[in-house]
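*Asks:* For reference, the file entry.cif (mmCIF, C-alpha atoms and all ligand atoms) is included below:
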data_start
loop_
_atom_site.group_PDB
_atom_site.id
_atom_site.type_symbol
_atom_site.label_atom_id
_atom_site.label_comp_id
_atom_site.auth_asym_id
_atom_site.auth_seq_id
_atom_site.Cartn_x
_atom_site.Cartn_y
_atom_site.Cartn_z
ATOM 1 C CA MET P 77 173.253 -132.718 115.750
ATOM 2 C CA LYS P 78 176.491 -132.935 117.703
ATOM 3 C CA PRO P 79 178.419 -129.683 118.068
ATOM 4 C CA ILE P 80 181.410 -131.035 116.123
ATOM 5 C CA ALA P 81 179.215 -131.997 113.154
ATOM 6 C CA LEU P 82 177.654 -128.546 113.168
ATOM 7 C CA THR P 83 181.112 -127.001 113.124
ATOM 8 C CA ILE P 84 182.019 -129.072 110.052
ATOM 9 C CA VAL P 85 178.804 -127.993 108.270
ATOM 10 C CA ILE P 86 179.481 -124.344 109.062
ATOM 11 C CA ALA P 87 183.071 -124.695 107.864
ATOM 12 C CA ALA P 88 181.889 -126.292 104.615
ATOM 13 C CA LEU P 89 179.317 -123.580 104.053
ATOM 14 C CA GLY P 90 181.895 -120.915 104.793
ATOM 15 C CA SER P 91 184.399 -122.237 102.267
ATOM 16 C CA SER P 92 181.770 -122.484 99.532
ATOM 17 C CA LEU P 93 180.763 -118.880 100.216
ATOM 18 C CA ILE P 94 184.398 -117.856 99.891
ATOM 19 C CA ALA P 95 184.590 -119.744 96.575
ATOM 20 C CA ILE P 96 181.532 -117.895 95.260
ATOM 21 C CA ALA P 97 182.994 -114.556 96.319
ATOM 22 C CA ALA P 98 186.255 -115.381 94.520
ATOM 23 C CA ASP P 99 184.350 -116.184 91.327
ATOM 24 C CA GLU P 100 182.600 -112.840 91.416
ATOM 25 C CA ALA P 101 185.880 -111.031 91.931
ATOM 26 C CA LYS P 102 187.242 -112.339 88.631
ATOM 27 C CA PRO P 103 187.376 -109.779 85.826
ATOM 28 C CA ALA P 104 184.776 -111.505 83.661
ATOM 29 C CA ASP P 105 184.751 -108.711 81.086
ATOM 30 C CA SER P 106 188.443 -108.814 80.268
ATOM 31 C CA GLY P 107 188.371 -112.624 80.329
ATOM 32 C CA ALA P 108 185.640 -112.768 77.699
ATOM 33 C CA ALA P 109 187.279 -110.066 75.591
ATOM 34 C CA PHE P 110 190.607 -111.848 75.886
ATOM 35 C CA LYS P 111 189.134 -115.094 74.541
ATOM 36 C CA GLN P 112 187.513 -113.238 71.658
ATOM 37 C CA LEU P 113 190.756 -111.541 70.687
ATOM 38 C CA ASP P 114 192.862 -114.697 71.093
ATOM 39 C CA SER P 115 191.703 -116.090 67.763
ATOM 40 C CA ASP P 116 194.415 -118.778 67.502
ATOM 41 C CA LYS P 117 193.688 -119.893 71.118
ATOM 42 C CA ASP P 118 197.329 -119.977 72.185
ATOM 43 C CA GLY P 119 196.489 -118.274 75.470
ATOM 44 C CA PHE P 120 198.053 -114.964 74.451
ATOM 45 C CA VAL P 121 196.929 -111.906 72.550
ATOM 46 C CA SER P 122 199.554 -111.103 69.924
ATOM 47 C CA LYS P 123 199.991 -107.639 68.466
ATOM 48 C CA ALA P 124 198.106 -108.700 65.332
ATOM 49 C CA GLU P 125 195.228 -109.958 67.455
ATOM 50 C CA ALA P 126 195.339 -106.762 69.551
ATOM 51 C CA GLU P 127 194.645 -104.671 66.458
ATOM 52 C CA ARG P 128 191.038 -105.850 66.564
ATOM 53 C CA MET P 129 190.414 -103.968 69.821
ATOM 54 C CA LYS P 130 190.299 -100.205 69.615
ATOM 55 C CA GLY P 131 193.031 -98.502 71.644
ATOM 56 C CA LEU P 132 194.805 -101.715 72.614
ATOM 57 C CA VAL P 133 197.765 -101.447 70.230
ATOM 58 C CA ALA P 134 198.591 -98.018 71.667
ATOM 59 C CA VAL P 135 199.124 -99.519 75.129
ATOM 60 C CA PHE P 136 200.361 -102.922 73.935
ATOM 61 C CA ASP P 137 204.096 -102.394 74.452
ATOM 62 C CA SER P 138 203.749 -100.838 77.910
ATOM 63 C CA ALA P 139 201.336 -103.595 78.967
ATOM 64 C CA ASP P 140 203.727 -106.342 77.759
ATOM 65 C CA GLU P 141 205.639 -106.430 81.024
ATOM 66 C CA ASN P 142 207.745 -109.512 80.271
ATOM 67 C CA ARG P 143 208.558 -108.289 76.737
ATOM 68 C CA ASP P 144 207.594 -111.518 74.991
ATOM 69 C CA GLY P 145 205.656 -109.656 72.322
ATOM 70 C CA LYS P 146 202.264 -110.899 73.450
ATOM 71 C CA LEU P 147 199.839 -110.270 76.287
ATOM 72 C CA ASP P 148 198.781 -112.898 78.783
ATOM 73 C CA VAL P 149 195.478 -112.506 80.681
ATOM 74 C CA ALA P 150 197.045 -110.450 83.484
ATOM 75 C CA GLU P 151 198.856 -108.143 81.066
ATOM 76 C CA PHE P 152 195.732 -107.866 78.939
ATOM 77 C CA SER P 153 193.505 -106.845 81.852
ATOM 78 C CA LYS P 154 196.033 -104.161 82.797
ATOM 79 C CA ALA P 155 196.153 -103.028 79.180
ATOM 80 C CA THR P 156 192.384 -102.698 78.939
ATOM 81 C CA ALA P 157 192.289 -100.850 82.258
ATOM 82 C CA THR P 158 194.917 -98.456 80.889
ATOM 83 C CA ALA P 159 193.105 -98.093 77.563
ATOM 84 C CA LYS P 160 189.881 -97.073 79.284
ATOM 85 C CA ASN P 161 191.619 -94.295 81.255
HETATM 86 CA CA CA R 201 196.691 -115.669 70.265
HETATM 87 CA CA CA R 202 203.795 -110.574 77.734
#
Let me see the structure of the file written as structure tokens.
*Replies:*
Amino acid sequence: MKPIALTIVIAALGSSLIAIAADEAKPADSGAAFKQLDSDKDGFVSKAEAERMKGLVAVFDSADENRDGKLDVAEFSKATATAKN
């Protein structure tokens, strides 16, 4: 194998390893919980939907950073992190 080809193989392997690491870093728990709560599948958890998770309504307003009355995935994961503490 020529050195340049080997370099390409190593680079390809390296980027796939990085991709795997990024997948593992995703908050799988909050993602799954988010999908369960988002019963109308609009990509947001509304206050009515939030009522199905214990403790979430209490932190709903402070988690809703852009004040649109619903939580996106990022806001939701912060909310659940807050609710656990
Ligand atoms: Ca929804
Ligand atoms: Ca929001």
*Asks:* Tell me, counting only C-alpha atoms and all ligand atoms, for each residue of chain P within 12 Å of ligand CA 201 (chain R), which pair of atoms is nearest and how far apart they are in Å to one decimal, in rows ordered by chain and increasing number, as a Markdown table.
*Replies:*
| residue | atom | partner | partner_atom | distance |
| --- | --- | --- | --- | --- |
| P:Phe110 | CA | R:CA201 | CA | 9.1 |
| P:Lys111 | CA | R:CA201 | CA | 8.7 |
| P:Gln112 | CA | R:CA201 | CA | 9.6 |
| P:Leu113 | CA | R:CA201 | CA | 7.2 |
| P:Asp114 | CA | R:CA201 | CA | 4.0 |
| P:Ser115 | CA | R:CA201 | CA | 5.6 |
| P:Asp116 | CA | R:CA201 | CA | 4.7 |
| P:Lys117 | CA | R:CA201 | CA | 5.3 |
| P:Asp118 | CA | R:CA201 | CA | 4.8 |
| P:Gly119 | CA | R:CA201 | CA | 5.8 |
| P:Phe120 | CA | R:CA201 | CA | 4.5 |
| P:Val121 | CA | R:CA201 | CA | 4.4 |
| P:Ser122 | CA | R:CA201 | CA | 5.4 |
| P:Lys123 | CA | R:CA201 | CA | 8.9 |
| P:Ala124 | CA | R:CA201 | CA | 8.7 |
| P:Glu125 | CA | R:CA201 | CA | 6.5 |
| P:Ala126 | CA | R:CA201 | CA | 9.0 |
| P:Glu127 | CA | R:CA201 | CA | 11.8 |
| P:Arg128 | CA | R:CA201 | CA | 11.9 |
| P:Gly145 | CA | R:CA201 | CA | 11.0 |
| P:Lys146 | CA | R:CA201 | CA | 8.0 |
| P:Leu147 | CA | R:CA201 | CA | 8.7 |
| P:Asp148 | CA | R:CA201 | CA | 9.2 |
| P:Val149 | CA | R:CA201 | CA | 11.0 |
| P:Phe152 | CA | R:CA201 | CA | 11.7 |
*Asks:* Is it possible to get the residues within 10 Å of (199.1, -106.8, 80.3) (coordinates as in the file, counting all atoms listed in the file) written as a ChimeraX atom specification?
*Replies:* /P:121,135-142,146-158
*Asks:* Around stretch 138-150 of chain P, fit a box with edges along x, y and z, padding it by 5 Å on each side, then list its centre and edge lengths in Å to one decimal as JSON.
*Replies:*
{"center_x": 202.0, "center_y": -106.9, "center_z": 77.9, "size_x": 23.1, "size_y": 22.1, "size_z": 21.2}
